[in-house]
$ cat query03.tsv   # TSV, C-alpha atoms
chain	number	residue	atom	x	y	z
A	261	MET	CA	33.93	-65.73	-83.90
A	262	ALA	CA	36.07	-65.92	-87.03
A	263	ASP	CA	36.22	-69.22	-88.92
A	264	LEU	CA	39.96	-69.42	-88.28
A	265	PHE	CA	42.16	-67.83	-85.65
A	266	ILE	CA	45.94	-68.25	-85.85
A	267	GLN	CA	48.56	-67.56	-83.19
A	268	VAL	CA	52.30	-68.01	-83.62
A	269	HIS	CA	54.96	-68.15	-80.94
A	270	GLU	CA	58.48	-69.49	-80.75
A	271	VAL	CA	59.87	-72.13	-78.42
A	272	ASP	CA	63.59	-72.95	-78.58
A	273	GLY	CA	63.86	-71.93	-82.23
A	274	VAL	CA	60.71	-73.78	-83.25
A	275	ALA	CA	57.81	-71.75	-84.65
A	276	VAL	CA	54.63	-73.06	-83.04
A	277	LEU	CA	51.54	-72.21	-85.09
A	278	ARG	CA	48.23	-72.69	-83.27
A	279	ALA	CA	45.23	-72.91	-85.57
A	280	GLU	CA	41.77	-72.58	-84.02
A	281	GLY	CA	38.59	-73.23	-85.99
A	282	PHE	CA	38.28	-74.47	-89.55
A	283	ILE	CA	40.73	-74.63	-92.42
A	284	ASN	CA	38.83	-74.89	-95.67
A	285	ALA	CA	38.71	-73.16	-99.06
A	286	HIS	CA	37.48	-69.99	-97.37
A	287	THR	CA	40.20	-69.71	-94.72
A	288	VAL	CA	43.09	-71.38	-96.49
A	289	ARG	CA	44.69	-68.12	-97.70
A	290	GLN	CA	44.99	-66.98	-94.09
A	291	PHE	CA	46.58	-70.30	-93.09
A	292	GLU	CA	48.87	-70.39	-96.12
A	293	GLY	CA	49.85	-66.76	-95.53
A	294	ALA	CA	50.86	-67.51	-91.94
A	295	LEU	CA	52.99	-70.49	-93.04
A	296	GLU	CA	54.61	-68.52	-95.86
A	297	ALA	CA	55.42	-65.63	-93.50
A	298	LEU	CA	57.32	-68.02	-91.23
A	299	VAL	CA	59.26	-69.44	-94.16
A	300	HIS	CA	60.11	-65.95	-95.42
A	301	GLU	CA	61.45	-65.14	-91.95
A	302	GLY	CA	63.72	-68.16	-92.23
A	303	LYS	CA	61.78	-70.21	-89.70
A	304	TYR	CA	61.92	-73.61	-91.30
A	305	THR	CA	60.96	-75.78	-88.34
A	306	ILE	CA	57.24	-75.36	-87.82
A	307	LEU	CA	55.04	-77.18	-85.33
A	308	LEU	CA	51.31	-77.08	-86.11
A	309	ASP	CA	49.38	-77.27	-82.86
A	310	CYS	CA	45.95	-78.59	-83.87
A	311	ARG	CA	44.33	-78.83	-80.42
A	312	LEU	CA	41.64	-76.32	-81.33
A	313	LEU	CA	41.42	-77.17	-85.01
A	314	ASN	CA	37.95	-78.56	-85.74
A	315	TYR	CA	38.73	-79.67	-89.25
A	316	ILE	CA	41.04	-79.27	-92.20
A	317	SER	CA	39.94	-79.84	-95.77
A	318	SER	CA	42.07	-80.72	-98.78
A	319	ALA	CA	42.69	-77.00	-99.36
A	320	GLY	CA	44.56	-76.84	-96.04
A	321	LEU	CA	46.43	-80.07	-96.72
A	322	GLY	CA	47.53	-78.57	-100.04
A	323	ALA	CA	48.90	-75.51	-98.24
A	324	ILE	CA	51.08	-77.70	-96.03
A	325	MET	CA	52.07	-79.84	-98.99
A	326	GLY	CA	53.08	-76.74	-100.94
A	327	LEU	CA	55.75	-75.78	-98.39
A	328	ILE	CA	57.04	-79.11	-97.16
A	329	GLU	CA	59.81	-79.39	-99.75
A	330	THR	CA	61.01	-75.82	-99.11
A	331	VAL	CA	61.30	-76.29	-95.35
A	332	ARG	CA	63.00	-79.69	-95.66
A	333	GLU	CA	65.46	-78.42	-98.26
A	334	ASN	CA	66.42	-75.78	-95.68
A	335	GLY	CA	66.97	-78.31	-92.92
A	336	GLY	CA	63.61	-77.83	-91.25
A	337	ASP	CA	60.33	-79.70	-91.12
A	338	ILE	CA	56.59	-79.33	-90.50
A	339	LEU	CA	55.38	-81.35	-87.52
A	340	LEU	CA	51.90	-81.82	-86.11
A	341	CYS	CA	50.62	-82.24	-82.58
A	342	ASN	CA	47.38	-82.43	-80.58
A	343	LEU	CA	45.28	-83.65	-83.50
A	344	GLN	CA	41.61	-84.18	-82.76
A	345	LYS	CA	40.36	-87.61	-83.80
A	346	ASN	CA	38.61	-86.46	-86.96
A	347	VAL	CA	41.58	-84.33	-88.03
A	348	PHE	CA	43.95	-87.24	-87.46
A	349	GLU	CA	41.65	-89.42	-89.56
A	350	ILE	CA	41.86	-86.99	-92.48
A	351	PHE	CA	45.67	-87.06	-92.38
A	352	ASP	CA	45.76	-90.82	-91.89
A	353	THR	CA	43.23	-91.57	-94.63
A	354	LEU	CA	45.44	-89.81	-97.16
A	355	GLY	CA	48.64	-91.43	-95.91
A	356	PHE	CA	49.95	-88.14	-94.57
A	357	THR	CA	50.84	-89.62	-91.22
A	358	GLN	CA	53.71	-91.27	-93.10
A	359	LEU	CA	54.78	-87.97	-94.55
A	360	TYR	CA	54.64	-85.85	-91.41
A	361	ARG	CA	55.70	-86.55	-87.87
A	362	VAL	CA	52.66	-86.52	-85.60
A	363	PHE	CA	52.87	-86.17	-81.81
A	364	ALA	CA	50.31	-86.43	-79.05
A	365	THR	CA	51.45	-83.22	-77.34
A	366	GLU	CA	53.45	-80.09	-78.03
A	367	GLY	CA	55.96	-81.18	-75.38
A	368	GLU	CA	56.64	-84.49	-77.12
A	369	ALA	CA	57.11	-82.75	-80.45
A	370	LEU	CA	59.52	-80.21	-79.00
A	371	LYS	CA	61.42	-82.94	-77.18
A	372	SER	CA	61.90	-84.87	-80.41
A	373	LEU	CA	63.40	-81.75	-81.97
A	374	ASN	CA	65.74	-81.13	-79.05
A	375	GLY	CA	69.24	-80.81	-80.44
A	376	THR	CA	68.17	-80.84	-84.07
A	377	ASN	CA	67.69	-77.07	-84.46
B	240	MET	CA	1.60	-81.39	-97.20
B	241	ARG	CA	4.48	-83.81	-97.75
B	242	ASN	CA	3.80	-86.97	-99.77
B	243	PRO	CA	4.48	-89.83	-97.29
B	244	ALA	CA	5.92	-91.91	-100.15
B	245	GLU	CA	8.73	-89.38	-100.58
B	246	PRO	CA	11.72	-89.28	-98.22
B	247	GLU	CA	11.95	-86.52	-95.65
B	248	SER	CA	14.34	-83.90	-96.92
B	249	PHE	CA	15.40	-80.30	-96.71
B	250	ARG	CA	17.29	-77.89	-98.94
B	251	LEU	CA	19.71	-75.08	-98.55
B	252	VAL	CA	20.54	-72.80	-101.47
B	253	ILE	CA	23.71	-70.75	-101.06
B	254	PRO	CA	25.52	-68.18	-103.20
B	255	SER	CA	28.62	-69.68	-104.85
B	256	GLN	CA	30.95	-68.29	-102.19
B	257	THR	CA	33.26	-70.18	-99.87
B	258	ARG	CA	32.26	-68.07	-96.86
B	259	TYR	CA	29.09	-70.17	-96.70
B	260	LEU	CA	30.98	-73.47	-96.45
B	261	ASN	CA	30.78	-73.61	-92.66
B	262	LEU	CA	27.04	-73.15	-92.79
B	263	VAL	CA	26.67	-76.09	-95.17
B	264	THR	CA	29.07	-78.41	-93.38
B	265	GLY	CA	27.44	-77.63	-90.04
B	266	MET	CA	24.08	-78.53	-91.51
B	267	ALA	CA	25.45	-81.75	-93.04
B	268	LYS	CA	26.98	-82.76	-89.72
B	269	ARG	CA	23.77	-82.18	-87.77
B	270	ALA	CA	21.73	-83.98	-90.44
B	271	SER	CA	24.05	-87.00	-90.23
B	272	ILE	CA	23.48	-87.18	-86.49
B	273	VAL	CA	19.71	-86.91	-86.99
B	274	ALA	CA	20.00	-89.76	-89.54
B	275	GLY	CA	21.56	-91.94	-86.83
B	276	MET	CA	25.29	-91.63	-87.44
B	277	ASP	CA	27.87	-91.25	-84.68
B	278	ASP	CA	30.08	-88.18	-84.25
B	279	ALA	CA	33.03	-89.64	-86.18
B	280	THR	CA	30.89	-90.61	-89.17
B	281	SER	CA	29.05	-87.30	-89.21
B	282	ALA	CA	32.42	-85.50	-89.26
B	283	LYS	CA	33.36	-87.51	-92.36
B	284	VAL	CA	30.11	-86.59	-94.09
B	285	SER	CA	30.67	-82.90	-93.34
B	286	ILE	CA	34.19	-83.03	-94.81
B	287	ALA	CA	32.92	-84.77	-97.95
B	288	VAL	CA	30.22	-82.11	-98.32
B	289	ASP	CA	32.82	-79.35	-97.83
B	290	GLU	CA	34.93	-80.84	-100.62
B	291	ALA	CA	32.00	-81.36	-103.00
B	292	VAL	CA	30.61	-77.83	-102.53
B	293	THR	CA	34.12	-76.36	-102.84
B	294	ASN	CA	34.52	-78.24	-106.16
B	295	VAL	CA	31.31	-76.68	-107.44
B	296	ILE	CA	32.29	-73.14	-106.38
B	297	VAL	CA	35.92	-73.32	-107.54
B	298	HIS	CA	35.76	-75.61	-110.57
B	299	ALA	CA	32.18	-75.66	-111.88
B	300	TYR	CA	31.67	-71.91	-111.34
B	301	ASN	CA	35.34	-70.92	-111.65
B	302	SER	CA	35.07	-69.03	-108.32
B	303	GLU	CA	32.45	-66.64	-109.72
B	304	ALA	CA	30.42	-65.43	-106.74
B	305	ASP	CA	27.07	-64.69	-108.40
B	306	HIS	CA	25.77	-68.23	-108.93
B	307	GLN	CA	23.85	-70.62	-106.69
B	308	VAL	CA	24.59	-74.01	-105.19
B	309	ASP	CA	21.58	-76.08	-104.20
B	310	ILE	CA	22.18	-78.64	-101.45
B	311	GLU	CA	19.46	-81.14	-100.61
B	312	LEU	CA	19.66	-83.73	-97.84
B	313	ARG	CA	17.35	-86.72	-98.09
B	314	PHE	CA	16.75	-89.01	-95.14
B	315	MET	CA	16.40	-92.47	-96.72
B	316	PRO	CA	15.48	-95.55	-94.63
B	317	GLN	CA	19.09	-96.85	-94.57
B	318	SER	CA	21.14	-93.85	-95.61
B	319	LEU	CA	21.58	-90.13	-95.92
B	320	GLU	CA	21.73	-88.78	-99.47
B	321	VAL	CA	23.36	-85.44	-100.23
B	322	HIS	CA	22.46	-83.90	-103.59
B	323	ILE	CA	24.58	-80.93	-104.66
B	324	CYS	CA	23.15	-79.25	-107.76
B	325	HIS	CA	24.49	-76.42	-109.88
B	326	ASN	CA	24.40	-74.89	-113.36
B	327	GLY	CA	28.14	-74.56	-113.87
B	328	ARG	CA	30.59	-76.68	-115.80
B	329	ALA	CA	29.61	-80.31	-115.41
B	330	ILE	CA	31.97	-82.74	-113.69
B	331	ARG	CA	31.69	-86.02	-115.58
B	332	GLU	CA	32.21	-89.41	-114.02
B	333	ASN	CA	34.95	-90.34	-116.51
B	334	GLU	CA	36.88	-87.15	-115.69
B	335	VAL	CA	37.22	-88.11	-112.05
B	336	VAL	CA	40.67	-89.57	-111.47
B	337	LEU	CA	41.46	-90.42	-107.87
B	338	PRO	CA	45.10	-89.87	-106.94
B	339	ASP	CA	47.03	-92.72	-105.36
B	340	PRO	CA	47.88	-91.65	-101.78
B	341	ARG	CA	51.08	-93.73	-101.93
B	342	GLU	CA	52.24	-91.59	-104.86
B	343	TYR	CA	51.36	-88.45	-102.90
B	344	VAL	CA	53.59	-89.56	-100.08
B	345	LYS	CA	56.45	-90.22	-102.49
B	346	HIS	CA	55.93	-87.08	-104.59
B	347	PRO	CA	54.22	-84.39	-102.50
B	348	ARG	CA	52.30	-81.77	-104.51
B	349	LYS	CA	49.26	-79.58	-104.21
B	350	GLY	CA	45.78	-80.48	-105.40
B	351	GLY	CA	43.64	-83.53	-106.15
B	352	LEU	CA	43.01	-84.64	-102.59
B	353	GLY	CA	39.40	-83.49	-102.23
B	354	LEU	CA	37.96	-86.15	-104.52
B	355	LEU	CA	39.96	-88.77	-102.66
B	356	LEU	CA	38.59	-87.65	-99.29
B	357	MET	CA	35.05	-87.70	-100.71
B	358	SER	CA	35.48	-91.24	-102.03
B	359	ARG	CA	37.02	-92.50	-98.78
B	360	PHE	CA	34.45	-90.88	-96.48
B	361	MET	CA	31.24	-91.61	-98.43
B	362	ASP	CA	29.86	-94.99	-99.55
B	363	GLU	CA	28.76	-93.94	-103.01
B	364	ILE	CA	29.28	-90.93	-105.27
B	365	ARG	CA	27.54	-90.30	-108.58
B	366	TYR	CA	27.76	-87.42	-111.03
B	367	ILE	CA	24.51	-86.82	-112.87
B	368	GLU	CA	23.62	-84.41	-115.67
B	369	THR	CA	19.99	-83.38	-115.76
B	370	GLY	CA	18.17	-81.09	-118.17
B	371	GLU	CA	18.35	-78.37	-115.53
B	372	GLY	CA	22.03	-78.67	-114.61
B	373	SER	CA	24.51	-80.99	-112.95
B	374	GLU	CA	24.41	-82.88	-109.71
B	375	CYS	CA	26.85	-84.62	-107.39
B	376	CYS	CA	24.99	-87.23	-105.38
B	377	MET	CA	26.77	-88.67	-102.33
B	378	ILE	CA	25.37	-91.45	-100.19
B	379	LYS	CA	26.34	-92.47	-96.66
B	380	ARG	CA	24.71	-95.57	-95.27
B	381	VAL	CA	23.60	-95.69	-91.65
B	382	VAL	CA	24.96	-98.85	-90.07

$ encode --input "query03.tsv" --output "structure tokens"
Amino acid sequence: MADLFIQVHEVDGVAVLRAEGFINAHTVRQFEGALEALVHEGKYTILLDCRLLNYISSAGLGAIMGLIETVRENGGDILLCNLQKNVFEIFDTLGFTQLYRVFATEGEALKSLNGTN
Amino acid sequence: MRNPAEPESFRLVIPSQTRYLNLVTGMAKRASIVAGMDDATSAKVSIAVDEAVTNVIVHAYNSEADHQVDIELRFMPQSLEVHICHNGRAIRENEVVLPDPREYVKHPRKGGLGLLLMSRFMDEIRYIETGEGSECCMIKRVV
């Protein structure tokens, strides 16, 4: 199995990116490339579904950080859902849970965006 | 035969390539569990090891793939020690500047978060220069 497997689908104008496996210095280009492709397509509201994400290192956090201003300047946002405990802890330790909206489920995240797209 | 006065330990030597990161972090996680840590703590150790080995590959070796990174795990009576040794550019203690996460939240930018994760997830980190090269020593106590 590959270190990282990414699937993207759209729900009500929101690009849902499902990352499965590990995001680290080895896989970050794949992750960053998937995010950048969405932005280039004009999809500025991106929900990262982390249910199957085993961990994310600072390289992956940097990839998200590198695009957050662009998506927000274009009226979008990057949201997170279904974080495993250790992944949540990485975000929380660095104060990122204040920077990004984090939801328990994909449904909750999509509901919060209802009417804002 | 192992000298009983010395701690039990094992080593893994990898090429300086990020495709081996998962191998190293998996080993660090399993070793943490063997040392007596719970799942959450072992996950933190594996992340810290990922960051430290990545620093060596990317910064000490400038992403050159034909070097070696030597990782040794020592099972001490009250802790797990991770020694990451290399012959690349040394990282000196006084060069390590930890970013303030509150500033990151106010002014998002790329980079600098790996050292912060290492410092938050491990109990002690030391950078040592030996005659043979450089070493990052990280310690996690077993509580």

$ atom_distance --input "query03.tsv" --atom1 "atom CA of Asp305 of chain B" --atom2 "atom CA of Leu319 of chain B"
28.9 Å

$ residues_around --input "query03.tsv" --residues "segment 276-279 of chain A" --least-positions-apart "3" --cutoff "9 Å" --atoms "only C-alpha atoms" --output "PyMOL selection string"
chain A and resi 264-271+282-283+291+294-295+305-313+366

$ interface_residues --input "query03.tsv" --of "chain B" --to "chain A" --cutoff "12 Å" --atoms "all atoms listed in the file" --output "compact mmCIF listing (two decimals) with C-alpha atoms, keeping the file's coordinate frame"
# COMPACT_ATOMS: atom_id res chain seq x y z
CA SER B 255 28.62 -69.68 -104.85
CA GLN B 256 30.95 -68.29 -102.19
CA THR B 257 33.26 -70.18 -99.87
CA ARG B 258 32.26 -68.07 -96.86
CA TYR B 259 29.09 -70.17 -96.70
CA LEU B 260 30.98 -73.47 -96.45
CA ASN B 261 30.78 -73.61 -92.66
CA LEU B 262 27.04 -73.15 -92.79
CA THR B 264 29.07 -78.41 -93.38
CA GLY B 265 27.44 -77.63 -90.04
CA ASP B 277 27.87 -91.25 -84.68
CA ASP B 278 30.08 -88.18 -84.25
CA ALA B 279 33.03 -89.64 -86.18
CA THR B 280 30.89 -90.61 -89.17
CA SER B 281 29.05 -87.30 -89.21
CA ALA B 282 32.42 -85.50 -89.26
CA LYS B 283 33.36 -87.51 -92.36
CA VAL B 284 30.11 -86.59 -94.09
CA SER B 285 30.67 -82.90 -93.34
CA ILE B 286 34.19 -83.03 -94.81
CA ALA B 287 32.92 -84.77 -97.95
CA VAL B 288 30.22 -82.11 -98.32
CA ASP B 289 32.82 -79.35 -97.83
CA GLU B 290 34.93 -80.84 -100.62
CA ALA B 291 32.00 -81.36 -103.00
CA VAL B 292 30.61 -77.83 -102.53
CA THR B 293 34.12 -76.36 -102.84
CA ASN B 294 34.52 -78.24 -106.16
CA VAL B 295 31.31 -76.68 -107.44
CA ILE B 296 32.29 -73.14 -106.38
CA VAL B 297 35.92 -73.32 -107.54
CA SER B 302 35.07 -69.03 -108.32
CA LEU B 337 41.46 -90.42 -107.87
CA PRO B 338 45.10 -89.87 -106.94
CA ASP B 339 47.03 -92.72 -105.36
CA PRO B 340 47.88 -91.65 -101.78
CA ARG B 341 51.08 -93.73 -101.93
CA GLU B 342 52.24 -91.59 -104.86
CA TYR B 343 51.36 -88.45 -102.90
CA VAL B 344 53.59 -89.56 -100.08
CA LYS B 345 56.45 -90.22 -102.49
CA HIS B 346 55.93 -87.08 -104.59
CA PRO B 347 54.22 -84.39 -102.50
CA ARG B 348 52.30 -81.77 -104.51
CA LYS B 349 49.26 -79.58 -104.21
CA GLY B 350 45.78 -80.48 -105.40
CA GLY B 351 43.64 -83.53 -106.15
CA LEU B 352 43.01 -84.64 -102.59
CA GLY B 353 39.40 -83.49 -102.23
CA LEU B 354 37.96 -86.15 -104.52
CA LEU B 355 39.96 -88.77 -102.66
CA LEU B 356 38.59 -87.65 -99.29
CA MET B 357 35.05 -87.70 -100.71
CA SER B 358 35.48 -91.24 -102.03
CA ARG B 359 37.02 -92.50 -98.78
CA PHE B 360 34.45 -90.88 -96.48

$ atom_distance --input "query03.tsv" --atom1 "atom CA of His300 of chain A" --atom2 "atom CA of Ala275 of chain A"
12.4 Å

$ atom_distance --input "query03.tsv" --atom1 "atom CA of Glu334 of chain B" --atom2 "atom CA of Tyr366 of chain B"
10.2 Å

$ closest_residue --input "query03.tsv" --among "B:Glu245, B:Glu303, B:Glu332, B:Glu320" --to "Ile367 of chain B" --atoms "all atoms listed in the file"
B:Glu332

$ residues_around --input "query03.tsv" --residues "Asn326 of chain B" --least-positions-apart "5" --cutoff "9 Å" --atoms "only C-alpha atoms" --output "PDB file with C-alpha atoms, keeping the file's coordinate frame"
ATOM      1  CA  ALA B 299      32.180 -75.660-111.880  1.00  0.00           C
ATOM      2  CA  TYR B 300      31.670 -71.910-111.340  1.00  0.00           C
ATOM      3  CA  HIS B 306      25.770 -68.230-108.930  1.00  0.00           C
ATOM      4  CA  GLN B 307      23.850 -70.620-106.690  1.00  0.00           C
ATOM      5  CA  VAL B 308      24.590 -74.010-105.190  1.00  0.00           C
ATOM      6  CA  GLU B 371      18.350 -78.370-115.530  1.00  0.00           C
ATOM      7  CA  GLY B 372      22.030 -78.670-114.610  1.00  0.00           C
ATOM      8  CA  SER B 373      24.510 -80.990-112.950  1.00  0.00           C
ATOM      9  CA  GLU B 374      24.410 -82.880-109.710  1.00  0.00           C
TER      10      GLU B 374
END

$ residues_around --input "query03.tsv" --residues "Lys371 of chain A" --least-positions-apart "6" --cutoff "12 Å" --atoms "all atoms listed in the file" --output "PyMOL selection string"
chain A and resi 271-272+274+307+363-365+377

$ closest_residue --input "query03.tsv" --among "A:Ala262, A:Gly281, A:Val362, A:Asp352" --to "Ile338 of chain A" --atoms "all atoms listed in the file"
A:Val362

$ axis_aligned_box --input "query03.tsv" --around "segment 265-278 of chain B" --padding-each-side "8 Å" --output "AutoDock Vina command-line options"
--center_x 24.9 --center_y -84.8 --center_z -88.6 --size_x 26.4 --size_y 30.3 --size_z 24.8

$ residues_around --input "query03.tsv" --residues "Pro246 of chain B" --least-positions-apart "5" --cutoff "10 Å" --atoms "only C-alpha atoms" --output "PyMOL selection string"
chain B and resi 241+312-316

$ write_last_selection --input "query03.tsv" --atoms "C-alpha atoms" --output "PDB file, in the frame of the given file"
ATOM      1  CA  ARG B 241       4.480 -83.810 -97.750  1.00  0.00           C
ATOM      2  CA  LEU B 312      19.660 -83.730 -97.840  1.00  0.00           C
ATOM      3  CA  ARG B 313      17.350 -86.720 -98.090  1.00  0.00           C
ATOM      4  CA  PHE B 314      16.750 -89.010 -95.140  1.00  0.00           C
ATOM      5  CA  MET B 315      16.400 -92.470 -96.720  1.00  0.00           C
ATOM      6  CA  PRO B 316      15.480 -95.550 -94.630  1.00  0.00           C
TER       7      PRO B 316
END

$ residues_near_point --input "query03.tsv" --point "(19.3, -84.3, -90.9)" --cutoff "10 Å" --atoms "all atoms listed in the file" --output "list in words"
Glu247, Ser248, Phe249, Met266, Ala267, Lys268, Arg269, Ala270, Ser271, Ile272, Val273, Ala274, Gly275, Leu312, Arg313, Phe314, Leu319 and Glu320 of chain B

$ build_atoms --input "query03.tsv" --residues "segment 277-293 of chain A" --atoms "N, CA and C atoms" --output "mmCIF file, in the frame of the given file"
data_model
loop_
_atom_site.group_PDB
_atom_site.id
_atom_site.type_symbol
_atom_site.label_atom_id
_atom_site.label_comp_id
_atom_site.auth_asym_id
_atom_site.auth_seq_id
_atom_site.Cartn_x
_atom_site.Cartn_y
_atom_site.Cartn_z
ATOM 1 N N LEU A 277 52.705 -72.874 -84.510
ATOM 2 C CA LEU A 277 51.540 -72.210 -85.090
ATOM 3 C C LEU A 277 50.281 -72.893 -84.570
ATOM 4 N N ARG A 278 49.475 -72.135 -83.816
ATOM 5 C CA ARG A 278 48.230 -72.690 -83.270
ATOM 6 C C ARG A 278 47.074 -72.246 -84.153
ATOM 7 N N ALA A 279 46.369 -73.214 -84.708
ATOM 8 C CA ALA A 279 45.230 -72.910 -85.570
ATOM 9 C C ALA A 279 43.951 -73.299 -84.833
ATOM 10 N N GLU A 280 43.030 -72.334 -84.734
ATOM 11 C CA GLU A 280 41.770 -72.580 -84.020
ATOM 12 C C GLU A 280 40.613 -72.361 -84.981
ATOM 13 N N GLY A 281 39.768 -73.377 -85.126
ATOM 14 C CA GLY A 281 38.590 -73.230 -85.990
ATOM 15 C C GLY A 281 38.622 -74.186 -87.158
ATOM 16 N N PHE A 282 38.434 -73.633 -88.361
ATOM 17 C CA PHE A 282 38.280 -74.470 -89.550
ATOM 18 C C PHE A 282 39.237 -74.006 -90.640
ATOM 19 N N ILE A 283 39.931 -74.960 -91.240
ATOM 20 C CA ILE A 283 40.730 -74.630 -92.420
ATOM 21 C C ILE A 283 40.040 -75.259 -93.622
ATOM 22 N N ASN A 284 39.490 -74.401 -94.458
ATOM 23 C CA ASN A 284 38.830 -74.890 -95.670
ATOM 24 C C ASN A 284 39.137 -73.897 -96.804
ATOM 25 N N ALA A 285 38.412 -74.017 -97.902
ATOM 26 C CA ALA A 285 38.710 -73.160 -99.060
ATOM 27 C C ALA A 285 38.530 -71.683 -98.731
ATOM 28 N N HIS A 286 37.717 -71.383 -97.729
ATOM 29 C CA HIS A 286 37.480 -69.990 -97.370
ATOM 30 C C HIS A 286 38.631 -69.415 -96.531
ATOM 31 N N THR A 287 39.182 -70.209 -95.651
ATOM 32 C CA THR A 287 40.200 -69.710 -94.720
ATOM 33 C C THR A 287 41.629 -70.079 -95.115
ATOM 34 N N VAL A 288 41.763 -70.840 -96.186
ATOM 35 C CA VAL A 288 43.090 -71.380 -96.490
ATOM 36 C C VAL A 288 44.129 -70.306 -96.802
ATOM 37 N N ARG A 289 43.714 -69.183 -97.390
ATOM 38 C CA ARG A 289 44.690 -68.120 -97.700
ATOM 39 C C ARG A 289 45.316 -67.573 -96.420
ATOM 40 N N GLN A 290 44.496 -67.476 -95.382
ATOM 41 C CA GLN A 290 44.990 -66.980 -94.090
ATOM 42 C C GLN A 290 46.018 -67.961 -93.509
ATOM 43 N N PHE A 291 45.693 -69.249 -93.598
ATOM 44 C CA PHE A 291 46.580 -70.300 -93.090
ATOM 45 C C PHE A 291 47.870 -70.337 -93.912
ATOM 46 N N GLU A 292 47.716 -70.331 -95.220
ATOM 47 C CA GLU A 292 48.870 -70.390 -96.120
ATOM 48 C C GLU A 292 49.764 -69.157 -95.916
ATOM 49 N N GLY A 293 49.108 -67.999 -95.742
ATOM 50 C CA GLY A 293 49.850 -66.760 -95.530
ATOM 51 C C GLY A 293 50.689 -66.820 -94.258
#
